[in-house]
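**Student:** Data file input.tsv (TSV, C-alpha atoms and all ligand atoms) is appended below.
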chain	number	residue	atom	x	y	z
A	1	MET	CA	16.14	16.29	16.28
A	2	ASP	CA	12.45	16.17	17.15
A	3	ILE	CA	10.21	13.44	15.82
A	4	LYS	CA	8.37	15.71	13.38
A	5	ARG	CA	11.60	16.77	11.69
A	6	ILE	CA	12.94	13.19	11.60
A	7	VAL	CA	9.81	11.90	9.86
A	8	GLU	CA	9.64	14.77	7.38
A	9	LYS	CA	13.38	14.54	6.64
A	10	ARG	CA	13.20	10.80	5.93
A	11	VAL	CA	10.27	11.29	3.56
A	12	MET	CA	12.07	14.15	1.80
A	13	GLU	CA	15.24	12.05	1.41
A	14	GLU	CA	13.24	9.25	-0.22
A	15	VAL	CA	11.29	11.49	-2.54
A	16	LYS	CA	14.52	13.10	-3.77
A	17	LYS	CA	15.59	9.67	-5.06
A	18	TYR	CA	12.51	9.40	-7.33
A	19	PRO	CA	12.57	10.60	-10.94
A	20	PRO	CA	10.82	14.00	-11.26
A	21	PHE	CA	7.02	13.87	-11.04
A	22	ASN	CA	4.22	16.43	-11.04
A	23	ARG	CA	1.02	14.58	-10.23
A	24	ALA	CA	0.92	12.03	-7.41
A	25	LEU	CA	-1.95	9.80	-6.37
A	26	ILE	CA	-1.99	9.31	-2.59
A	27	ALA	CA	-4.03	6.33	-1.42
A	28	LEU	CA	-5.96	7.31	1.71
A	29	SER	CA	-7.37	4.64	4.02
A	30	GLY	CA	-8.71	7.00	6.69
A	31	GLY	CA	-5.94	5.81	9.05
A	32	LYS	CA	-2.98	7.64	10.61
A	33	ASP	CA	-0.31	6.49	8.16
A	34	SER	CA	-1.85	7.77	4.93
A	35	ALA	CA	-3.19	10.87	6.73
A	36	SER	CA	0.39	11.66	7.79
A	37	LEU	CA	1.74	11.01	4.30
A	38	LEU	CA	-0.74	13.45	2.72
A	39	HIS	CA	-0.07	16.05	5.42
A	40	ILE	CA	3.71	15.81	4.92
A	41	PHE	CA	3.45	16.07	1.14
A	42	LYS	CA	1.30	19.19	1.30
A	43	LYS	CA	3.68	20.65	3.86
A	44	ILE	CA	7.07	19.92	2.29
A	45	LEU	CA	6.18	19.67	-1.41
A	46	PRO	CA	3.32	22.16	-1.87
A	47	ASP	CA	3.98	22.54	-5.61
A	48	LYS	CA	3.10	18.91	-6.41
A	49	GLU	CA	-0.40	18.11	-7.63
A	50	ILE	CA	-1.96	15.55	-5.30
A	51	LEU	CA	-4.91	13.26	-6.09
A	52	PRO	CA	-6.22	11.83	-2.78
A	53	VAL	CA	-8.03	8.56	-3.51
A	54	TYR	CA	-10.16	6.42	-1.22
A	55	LEU	CA	-11.31	2.93	-2.22
A	56	ASN	CA	-14.62	2.13	-0.54
A	57	LEU	CA	-14.55	-1.67	-0.28
A	58	GLY	CA	-18.06	-2.01	1.18
A	59	ILE	CA	-16.94	-3.44	4.52
A	60	ASP	CA	-19.95	-3.22	6.84
A	61	GLY	CA	-19.60	-0.69	9.62
A	62	PHE	CA	-16.06	0.25	8.57
A	63	SER	CA	-15.80	1.54	5.02
A	64	GLU	CA	-18.30	4.40	5.42
A	65	LYS	CA	-16.58	5.59	8.58
A	66	SER	CA	-13.08	5.43	7.10
A	67	GLU	CA	-14.32	7.24	3.98
A	68	GLU	CA	-15.51	10.09	6.19
A	69	PHE	CA	-12.06	10.36	7.81
A	70	ALA	CA	-10.37	10.24	4.40
A	71	ARG	CA	-12.66	13.07	3.23
A	72	ILE	CA	-11.84	15.19	6.29
A	73	GLN	CA	-8.10	14.59	5.70
A	74	ALA	CA	-8.32	15.59	2.03
A	75	GLU	CA	-10.44	18.69	2.73
A	76	LYS	CA	-8.14	19.81	5.55
A	77	ASN	CA	-5.41	19.94	2.91
A	78	GLY	CA	-7.63	21.85	0.47
A	79	LEU	CA	-8.23	18.80	-1.75
A	80	LYS	CA	-11.32	17.01	-3.01
A	81	LEU	CA	-11.38	13.31	-2.19
A	82	ILE	CA	-11.75	10.95	-5.16
A	83	VAL	CA	-13.85	7.96	-4.07
A	84	PHE	CA	-13.99	4.67	-5.94
A	85	ASN	CA	-16.95	2.69	-4.60
A	86	VAL	CA	-16.30	-0.99	-5.30
A	87	ARG	CA	-19.98	-1.95	-4.86
A	88	LYS	CA	-21.18	0.67	-7.37
A	89	GLU	CA	-18.36	0.22	-9.88
A	90	LEU	CA	-17.72	-3.52	-9.76
A	91	GLY	CA	-21.05	-4.86	-8.49
A	92	PHE	CA	-19.68	-6.61	-5.40
A	93	THR	CA	-18.00	-5.82	-2.10
A	94	ILE	CA	-15.03	-7.28	-0.25
A	95	MET	CA	-17.62	-8.96	2.03
A	96	ASP	CA	-18.82	-10.85	-1.10
A	97	ALA	CA	-15.23	-11.57	-2.13
A	98	ARG	CA	-14.65	-13.17	1.28
A	99	ARG	CA	-17.36	-15.75	0.56
A	100	VAL	CA	-15.38	-16.89	-2.48
A	101	TYR	CA	-11.87	-16.34	-1.06
A	102	PRO	CA	-11.85	-16.95	2.72
A	103	LYS	CA	-8.25	-15.69	2.95
A	104	VAL	CA	-9.59	-12.34	1.88
A	105	CYS	CA	-6.59	-10.09	2.58
A	106	SER	CA	-4.46	-11.25	-0.33
A	107	VAL	CA	-7.40	-10.85	-2.76
A	108	CYS	CA	-8.34	-7.51	-1.25
A	109	GLY	CA	-4.71	-6.37	-1.51
A	110	SER	CA	-4.46	-7.30	-5.16
A	111	ILE	CA	-7.83	-5.64	-5.98
A	112	LYS	CA	-6.66	-2.45	-4.25
A	113	ARG	CA	-3.32	-2.47	-6.11
A	114	TYR	CA	-5.06	-2.97	-9.44
A	115	LEU	CA	-7.67	-0.25	-8.87
A	116	LEU	CA	-5.14	2.32	-7.65
A	117	ASN	CA	-3.05	1.68	-10.74
A	118	LYS	CA	-6.10	2.00	-13.04
A	119	ILE	CA	-7.22	5.26	-11.41
A	120	ALA	CA	-3.67	6.67	-11.50
A	121	TYR	CA	-3.18	5.65	-15.13
A	122	GLU	CA	-6.51	7.08	-16.28
A	123	SER	CA	-6.00	10.34	-14.40
A	124	GLY	CA	-2.48	10.89	-15.72
A	125	ALA	CA	-0.71	10.53	-12.36
A	126	ASP	CA	3.06	9.96	-12.57
A	127	ILE	CA	3.29	8.06	-9.32
A	128	ILE	CA	1.19	6.23	-6.71
A	129	LEU	CA	2.25	6.88	-3.13
A	130	THR	CA	1.28	4.51	-0.34
A	131	ALA	CA	2.01	4.73	3.37
A	132	HIS	CA	3.77	1.39	3.99
A	133	HIS	CA	6.17	2.01	6.86
A	134	LEU	CA	9.27	0.30	8.23
A	135	ASP	CA	7.26	-2.19	10.30
A	136	ASP	CA	5.17	-3.15	7.24
A	137	PHE	CA	8.36	-3.73	5.24
A	138	LEU	CA	9.99	-5.79	7.97
A	139	ILE	CA	6.91	-7.93	8.54
A	140	ARG	CA	6.32	-8.54	4.86
A	141	MET	CA	9.96	-9.30	4.01
A	142	LEU	CA	10.49	-11.52	7.05
A	143	LYS	CA	7.29	-13.45	6.28
A	144	SER	CA	8.46	-13.96	2.67
A	145	THR	CA	11.89	-15.12	3.88
A	146	LEU	CA	10.43	-17.58	6.40
A	147	ASN	CA	8.12	-19.02	3.74
A	148	ALA	CA	10.78	-18.95	0.99
A	149	GLU	CA	8.49	-16.77	-1.15
A	150	ILE	CA	11.40	-15.48	-3.24
A	151	GLU	CA	9.37	-13.58	-5.85
A	152	GLU	CA	7.45	-11.83	-3.07
A	153	LEU	CA	10.64	-10.95	-1.22
A	154	VAL	CA	12.25	-9.49	-4.31
A	155	ARG	CA	9.16	-7.64	-5.49
A	156	PHE	CA	8.39	-5.61	-2.35
A	157	LYS	CA	10.44	-2.47	-2.91
A	158	PRO	CA	10.34	1.13	-1.76
A	159	TYR	CA	10.17	2.34	-5.36
A	160	LEU	CA	8.99	0.66	-8.56
A	161	PRO	CA	9.50	2.58	-11.82
A	162	ARG	CA	6.79	2.96	-14.43
A	163	ASN	CA	6.40	0.06	-16.83
A	164	ASP	CA	4.10	0.94	-19.75
A	165	ASN	CA	0.55	1.09	-18.25
A	166	LEU	CA	1.78	0.22	-14.77
A	167	VAL	CA	2.29	3.56	-13.00
A	168	ALA	CA	5.39	4.10	-10.79
A	169	ARG	CA	4.94	3.35	-7.09
A	170	GLY	CA	6.65	4.97	-4.14
A	171	ARG	CA	6.62	4.05	-0.46
A	172	PRO	CA	8.33	7.05	1.13
A	173	PHE	CA	7.72	5.87	4.74
A	174	TRP	CA	9.70	2.67	4.31
A	175	ARG	CA	12.46	3.80	6.70
A	176	VAL	CA	10.03	5.35	9.21
A	177	PRO	CA	8.87	3.17	12.12
A	178	GLU	CA	5.14	3.01	12.78
A	179	SER	CA	5.62	4.41	16.29
A	180	PHE	CA	7.16	7.58	14.80
A	181	ILE	CA	4.19	8.01	12.46
A	182	SER	CA	1.74	7.60	15.36
A	183	ARG	CA	3.55	10.30	17.30
A	184	TYR	CA	3.74	12.50	14.23
A	185	ALA	CA	-0.02	12.18	13.60
A	186	HIS	CA	-0.79	13.09	17.21
A	187	LEU	CA	1.66	16.00	17.32
A	188	GLU	CA	0.20	17.44	14.11
A	189	GLY	CA	-3.36	16.98	15.43
A	190	LEU	CA	-4.50	14.82	12.49
A	191	SER	CA	-7.93	13.16	12.44
A	192	PHE	CA	-7.95	9.46	11.62
A	193	ILE	CA	-9.89	6.27	12.22
A	194	THR	CA	-8.46	4.12	15.03
A	195	GLU	CA	-10.54	0.97	14.42
A	196	LYS	CA	-8.99	-1.82	12.36
A	197	CYS	CA	-10.69	-3.55	9.46
A	198	PRO	CA	-13.08	-6.07	11.10
A	199	ILE	CA	-12.64	-8.83	8.51
A	200	GLY	CA	-8.83	-8.86	8.20
A	201	MET	CA	-7.26	-12.32	8.60
A	202	LYS	CA	-3.97	-11.12	9.96
A	203	LYS	CA	-3.19	-13.47	12.85
A	204	ASN	CA	0.11	-14.61	11.30
A	205	ILE	CA	1.09	-11.04	10.60
A	206	GLU	CA	0.42	-10.11	14.22
A	207	ARG	CA	2.61	-13.00	15.41
A	208	ILE	CA	5.48	-11.81	13.20
A	209	ARG	CA	4.97	-8.26	14.44
A	210	LYS	CA	5.27	-9.45	18.05
A	211	ALA	CA	8.38	-11.50	17.23
A	212	ILE	CA	10.03	-8.44	15.64
A	213	ASP	CA	9.17	-6.32	18.69
A	214	ILE	CA	10.89	-8.92	20.88
A	215	LEU	CA	13.98	-9.18	18.63
A	216	ALA	CA	14.49	-5.48	17.98
A	217	VAL	CA	15.52	-3.61	21.11
A	218	SER	CA	15.15	-0.24	19.39
A	219	GLU	CA	13.60	1.34	16.32
A	220	ASN	CA	17.13	1.68	14.95
A	221	GLN	CA	17.63	-2.07	15.22
A	222	LYS	CA	14.52	-2.55	13.08
A	223	ASN	CA	16.22	-0.45	10.43
A	224	VAL	CA	19.34	-2.65	10.69
A	225	TYR	CA	17.22	-5.82	10.26
A	226	LEU	CA	15.44	-4.27	7.31
A	227	SER	CA	18.79	-3.44	5.66
A	228	SER	CA	19.83	-7.09	6.07
A	229	LEU	CA	16.62	-8.35	4.44
A	230	VAL	CA	17.00	-5.87	1.60
A	231	LYS	CA	20.57	-7.12	1.05
A	232	ILE	CA	19.31	-10.72	0.81
A	233	ALA	CA	16.52	-9.68	-1.56
A	234	ARG	CA	18.90	-7.80	-3.88
A	235	LYS	CA	21.33	-10.75	-3.99
A	236	LEU	CA	18.47	-13.08	-4.87
A	237	GLU	CA	17.25	-10.69	-7.52
A	238	GLU	CA	20.71	-10.52	-9.13
A	239	ASN	CA	21.44	-14.23	-8.99
A	240	VAL	CA	18.23	-16.21	-8.97
A	241	VAL	CA	15.10	-14.39	-9.95
A	242	PRO	CA	16.05	-13.03	-13.43
A	243	PHE	CA	16.10	-16.57	-14.78
A	244	GLU	CA	12.62	-17.24	-13.43
A	245	LYS	CA	11.08	-13.85	-14.11
A	246	ALA	CA	7.98	-14.04	-16.28
A	247	GLN	CA	7.60	-11.54	-19.12
A	248	LEU	CA	4.76	-9.09	-18.53
A	249	LYS	CA	2.15	-8.99	-21.29
A	250	PRO	CA	-1.17	-7.11	-21.66
A	251	CYS	CA	-4.01	-8.94	-19.89
A	252	SER	CA	-6.34	-10.54	-22.47
A	253	SER	CA	-9.32	-8.91	-20.77
A	254	CYS	CA	-8.32	-5.46	-19.45
A	255	GLY	CA	-5.02	-4.74	-21.18
A	256	PHE	CA	-2.99	-3.89	-18.08
A	257	LEU	CA	0.36	-5.65	-17.90
A	258	SER	CA	0.30	-9.01	-16.18
A	259	SER	CA	2.48	-12.10	-15.80
A	260	ASN	CA	-0.53	-14.28	-16.74
A	261	VAL	CA	-2.60	-14.38	-19.94
A	262	THR	CA	-5.53	-12.93	-17.96
A	263	CYS	CA	-4.55	-10.87	-14.92
A	264	SER	CA	-5.46	-12.02	-11.42
A	265	PHE	CA	-7.85	-9.06	-10.97
A	266	CYS	CA	-9.94	-10.03	-14.03
A	267	VAL	CA	-9.92	-13.72	-13.06
A	268	ARG	CA	-11.04	-12.99	-9.50
A	269	VAL	CA	-13.67	-10.41	-10.43
A	270	LYS	CA	-15.21	-12.92	-12.87
A	271	LYS	CA	-15.27	-15.63	-10.19
A	272	ILE	CA	-16.84	-13.35	-7.56
A	273	ARG	CA	-19.49	-12.10	-10.01
A	274	SER	CA	-20.46	-15.62	-11.07
A	275	PHE	CA	-20.73	-16.62	-7.41
A	276	ILE	CA	-23.07	-13.69	-6.73
A	277	GLU	CA	-25.15	-14.40	-9.85
A	278	GLY	CA	-25.45	-18.05	-8.84
A	279	LYS	CA	-26.83	-17.00	-5.45
A	280	GLN	CA	-29.50	-14.70	-6.95
A	301	LIG	FE1	-8.62	-5.71	2.95
A	301	LIG	FE2	-7.54	-7.38	4.76
A	301	LIG	FE3	-6.89	-4.78	4.76
A	301	LIG	FE4	-9.36	-5.54	5.52
A	301	LIG	S1	-7.41	-6.02	6.56
A	301	LIG	S2	-8.85	-3.83	4.14
A	301	LIG	S3	-9.72	-7.26	4.15
A	301	LIG	S4	-6.44	-6.26	3.14
A	302	ZN	ZN	-7.02	-7.88	-16.49
Could I get this file's structure written as structure tokens?

**Tutor:**
Amino acid sequence: MDIKRIVEKRVMEEVKKYPPFNRALIALSGGKDSASLLHIFKKILPDKEILPVYLNLGIDGFSEKSEEFARIQAEKNGLKLIVFNVRKELGFTIMDARRVYPKVCSVCGSIKRYLLNKIAYESGADIILTAHHLDDFLIRMLKSTLNAEIEELVRFKPYLPRNDNLVARGRPFWRVPESFISRYAHLEGLSFITEKCPIGMKKNIERIRKAIDILAVSENQKNVYLSSLVKIARKLEENVVPFEKAQLKPCSSCGFLSSNVTCSFCVRVKKIRSFIEGKQ
């Protein structure tokens, strides 16, 4: 089977496992992975309503360029890009957030997750689709295992059902290696940004990626390793985590479900804003 059919078939097989949905938010980053995800959805599921969303994080020399690619990708599929500009809407950028939180990626990740959920919820989307692929899953789950981050290990799943105002999430590329997606994007002639985010602090991630490339002699072996990590995660979930699981309650500030009284998004936004105000 050629690579295009393999990738499309794996996405189709995943999507068939989801409960029925009509309106899907696809998070576009301007890169090859999300461009491929949007392209595949329009190709194999043309009857679904797609909301392509780009979060402009205000990263100098990077966000504007990736937004342009995201717009081209949306328009090529006959869709209008929805842009959420963090600077305009929240009054700060991820560059500002980095001055408060030097390990910016985890804060940036949680801000992105929160905003995508809010946009999906307010626009009536049934599901949020992101382009995390097999390598992302392996790296993230192996990192959590090595650091004994049990909650993290258990929480990172290919599908999370809706929970009140938390919209369902799907990661239909989770069994597709990154190398397949790269080839797919090239074979389909997709336009995408090739530069990486200039402020990412991902040295550890890159080391784990290299270690996995050494350990796995084939893309199939990566899938075998991922199955093993998933097995460990499910066992932990059944036997350990339920006793520790915090009840989700509406955040005291924004109302979205959270395991804390005030959700981490609201806490961090407040801290970043007071930092900026203090500097003015
Ligand atoms: Fe955000 Fe880090 Fe990704 Fe850059 S690399 S967009 S800072 S999560
Ligand atoms: Zn909140």

**Student:** Residues contacting ligand ZN 302 (chain A) - anything with an atom at most 8 Å away, using all atoms listed in the file - can you give me those as a PyMOL selection string?

**Tutor:** chain A and resi 250-258+262-267

**Student:** Only C-alpha atoms, please: the residues just picked out, written as a PDB file, keeping the file's coordinate frame.

**Tutor:**
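The result, stored in out.pdb:
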ATOM      1  CA  PRO A 250      -1.170  -7.110 -21.660  1.00  0.00           C
ATOM      2  CA  CYS A 251      -4.010  -8.940 -19.890  1.00  0.00           C
ATOM      3  CA  SER A 252      -6.340 -10.540 -22.470  1.00  0.00           C
ATOM      4  CA  SER A 253      -9.320  -8.910 -20.770  1.00  0.00           C
ATOM      5  CA  CYS A 254      -8.320  -5.460 -19.450  1.00  0.00           C
ATOM      6  CA  GLY A 255      -5.020  -4.740 -21.180  1.00  0.00           C
ATOM      7  CA  PHE A 256      -2.990  -3.890 -18.080  1.00  0.00           C
ATOM      8  CA  LEU A 257       0.360  -5.650 -17.900  1.00  0.00           C
ATOM      9  CA  SER A 258       0.300  -9.010 -16.180  1.00  0.00           C
ATOM     10  CA  THR A 262      -5.530 -12.930 -17.960  1.00  0.00           C
ATOM     11  CA  CYS A 263      -4.550 -10.870 -14.920  1.00  0.00           C
ATOM     12  CA  SER A 264      -5.460 -12.020 -11.420  1.00  0.00           C
ATOM     13  CA  PHE A 265      -7.850  -9.060 -10.970  1.00  0.00           C
ATOM     14  CA  CYS A 266      -9.940 -10.030 -14.030  1.00  0.00           C
ATOM     15  CA  VAL A 267      -9.920 -13.720 -13.060  1.00  0.00           C
TER      16      VAL A 267
END

**Student:** Given only C-alpha atoms and all ligand atoms as the basis, pick out the residue of A:Leu138, A:Val11, A:Ala168, A:Val107 nearest to ligand LIG 301 (chain A).

**Tutor:** A:Val107

**Student:** Excluding range 148-160 of chain A and residues on its chain fewer than 5 positions from it, collect all residues at most 8 Å away from it, counting only C-alpha atoms, and give them as a list in words.

**Tutor:**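 After dropping sequence-adjacent residues, the list is Tyr18, Phe137, Arg140, Met141, Ala168, Arg169, Gly170, Arg171, Pro172, Trp174, Ala233, Arg234, Leu236, Glu237 and Val241 of chain A.
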
**Student:** What's the separation between CA of Ile111 in chain A and CA of Val269 in chain A, in Å to one decimal place?

**Tutor:** 8.8 Å

**Student:** Give me, as a list in words, all polymer residues having an atom no more than 12 Å from Glu219 in chain A, counting all atoms listed in the file and skipping those fewer than 4 positions away in the same chain.

**Tutor:**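 In the requested form, the answer reads Leu134, Asp135, Leu138, Arg175, Val176, Pro177, Glu178, Ser179, Phe180, Ile212, Asp213, Ile214, Leu215, Asn223, Val224, Tyr225 and Leu226 of chain A.
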
**Student:** I need the residues from that last selection saved to file as a compact mmCIF listing (two decimals), in the coordinates of the input (with C-alpha atoms), if you can.

**Tutor:**
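The result, written out as again_27.txt:
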# COMPACT_ATOMS: atom_id res chain seq x y z
CA LEU A 134 9.27 0.30 8.23
CA ASP A 135 7.26 -2.19 10.30
CA LEU A 138 9.99 -5.79 7.97
CA ARG A 175 12.46 3.80 6.70
CA VAL A 176 10.03 5.35 9.21
CA PRO A 177 8.87 3.17 12.12
CA GLU A 178 5.14 3.01 12.78
CA SER A 179 5.62 4.41 16.29
CA PHE A 180 7.16 7.58 14.80
CA ILE A 212 10.03 -8.44 15.64
CA ASP A 213 9.17 -6.32 18.69
CA ILE A 214 10.89 -8.92 20.88
CA LEU A 215 13.98 -9.18 18.63
CA ASN A 223 16.22 -0.45 10.43
CA VAL A 224 19.34 -2.65 10.69
CA TYR A 225 17.22 -5.82 10.26
CA LEU A 226 15.44 -4.27 7.31

**Student:** For ligand LIG 301 (chain A), return the neighbouring residues as a compact mmCIF listing (two decimals) with C-alpha atoms, keeping the file's coordinate frame (distance at most 8 Å; all atoms listed in the file).

**Tutor:**
# COMPACT_ATOMS: atom_id res chain seq x y z
CA LEU A 57 -14.55 -1.67 -0.28
CA ILE A 59 -16.94 -3.44 4.52
CA ILE A 94 -15.03 -7.28 -0.25
CA VAL A 104 -9.59 -12.34 1.88
CA CYS A 105 -6.59 -10.09 2.58
CA SER A 106 -4.46 -11.25 -0.33
CA VAL A 107 -7.40 -10.85 -2.76
CA CYS A 108 -8.34 -7.51 -1.25
CA GLY A 109 -4.71 -6.37 -1.51
CA LYS A 196 -8.99 -1.82 12.36
CA CYS A 197 -10.69 -3.55 9.46
CA PRO A 198 -13.08 -6.07 11.10
CA ILE A 199 -12.64 -8.83 8.51
CA GLY A 200 -8.83 -8.86 8.20
CA MET A 201 -7.26 -12.32 8.60
CA LYS A 202 -3.97 -11.12 9.96

**Student:** Would you work out the distance separating CA of Ala27 in chain A from CA of Glu75 in chain A, expressed in Å to one decimal?

**Tutor:** 14.5 Å

**Student:** Nearest to Val230 in chain A among A:Ser66, A:Thr145, A:Gln73, A:Ser123, with distances taken over all atoms listed in the file: which residue is it?

**Tutor:**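 Answer, going by the shortest atom-to-atom distance: A:Thr145.
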
**Student:** Measure the distance from CA of Leu81 in chain A to CA of Lys9 in chain A in Å and round it to one decimal.

**Tutor:** 26.3 Å

**Student:** Please return, as a list in words, all polymer residues that have at least one atom within 9 Å of the point (-16.8, 7.1, 2.2); use all atoms listed in the file and the file's own coordinate frame.

**Tutor:**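 Residues satisfying the cut-off, written out: Tyr54, Leu55, Asn56, Ser63, Glu64, Lys65, Ser66, Glu67, Glu68, Phe69, Ala70, Arg71, Val83, Phe84 and Asn85 of chain A.
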
**Student:** Extending 6 Å beyond the listed atoms of range 62-68 of chain A on each side, what axis-aligned box results? I want centre and edge lengths in Å to one decimal, as lines of an AutoDock Vina configuration file.

**Tutor:**
center_x = -15.7
center_y = 5.2
center_z = 6.3
size_x = 17.2
size_y = 21.8
size_z = 16.6

**Student:** Measuring between all atoms listed in the file, which one of A:Leu37, A:Ala125, A:Leu229, A:Ile272 shows the shortest distance to Arg10 in chain A?

**Tutor:**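 Closest candidate: A:Leu37.
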
**Student:** Compare A:Leu142, A:Ala35, A:Ile6, A:Ala97 by their minimum atom-to-atom distance to Phe275 in chain A, counting only C-alpha atoms, and give me the closest one.

**Tutor:** A:Ala97

**Student:** When distances are computed from only C-alpha atoms, which of A:Arg23, A:Arg209, A:Arg268, A:Lys279 shows the smallest separation from Ser110 in chain A?

**Tutor:** A:Arg268

**Student:** Pick the closest to Arg113 in chain A from A:Ala216, A:Ile232, A:Leu190, A:Val167: which is it, counting only C-alpha atoms?

**Tutor:** A:Val167

**Student:** Would you kindly return, as a CSV table (one decimal) with C-alpha atoms, in the coordinates of the input, each protein, DNA or RNA residue with an atom no farther than 7 Å from any atom of Pro52 in chain A, considering only C-alpha atoms and excluding same-chain residues fewer than 4 positions away?

**Tutor:**
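And here's part-v1.csv as it stands now:
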chain,number,residue,atom,x,y,z
A,25,LEU,CA,-2.0,9.8,-6.4
A,26,ILE,CA,-2.0,9.3,-2.6
A,27,ALA,CA,-4.0,6.3,-1.4
A,28,LEU,CA,-6.0,7.3,1.7
A,74,ALA,CA,-8.3,15.6,2.0
A,81,LEU,CA,-11.4,13.3,-2.2
A,82,ILE,CA,-11.8,11.0,-5.2
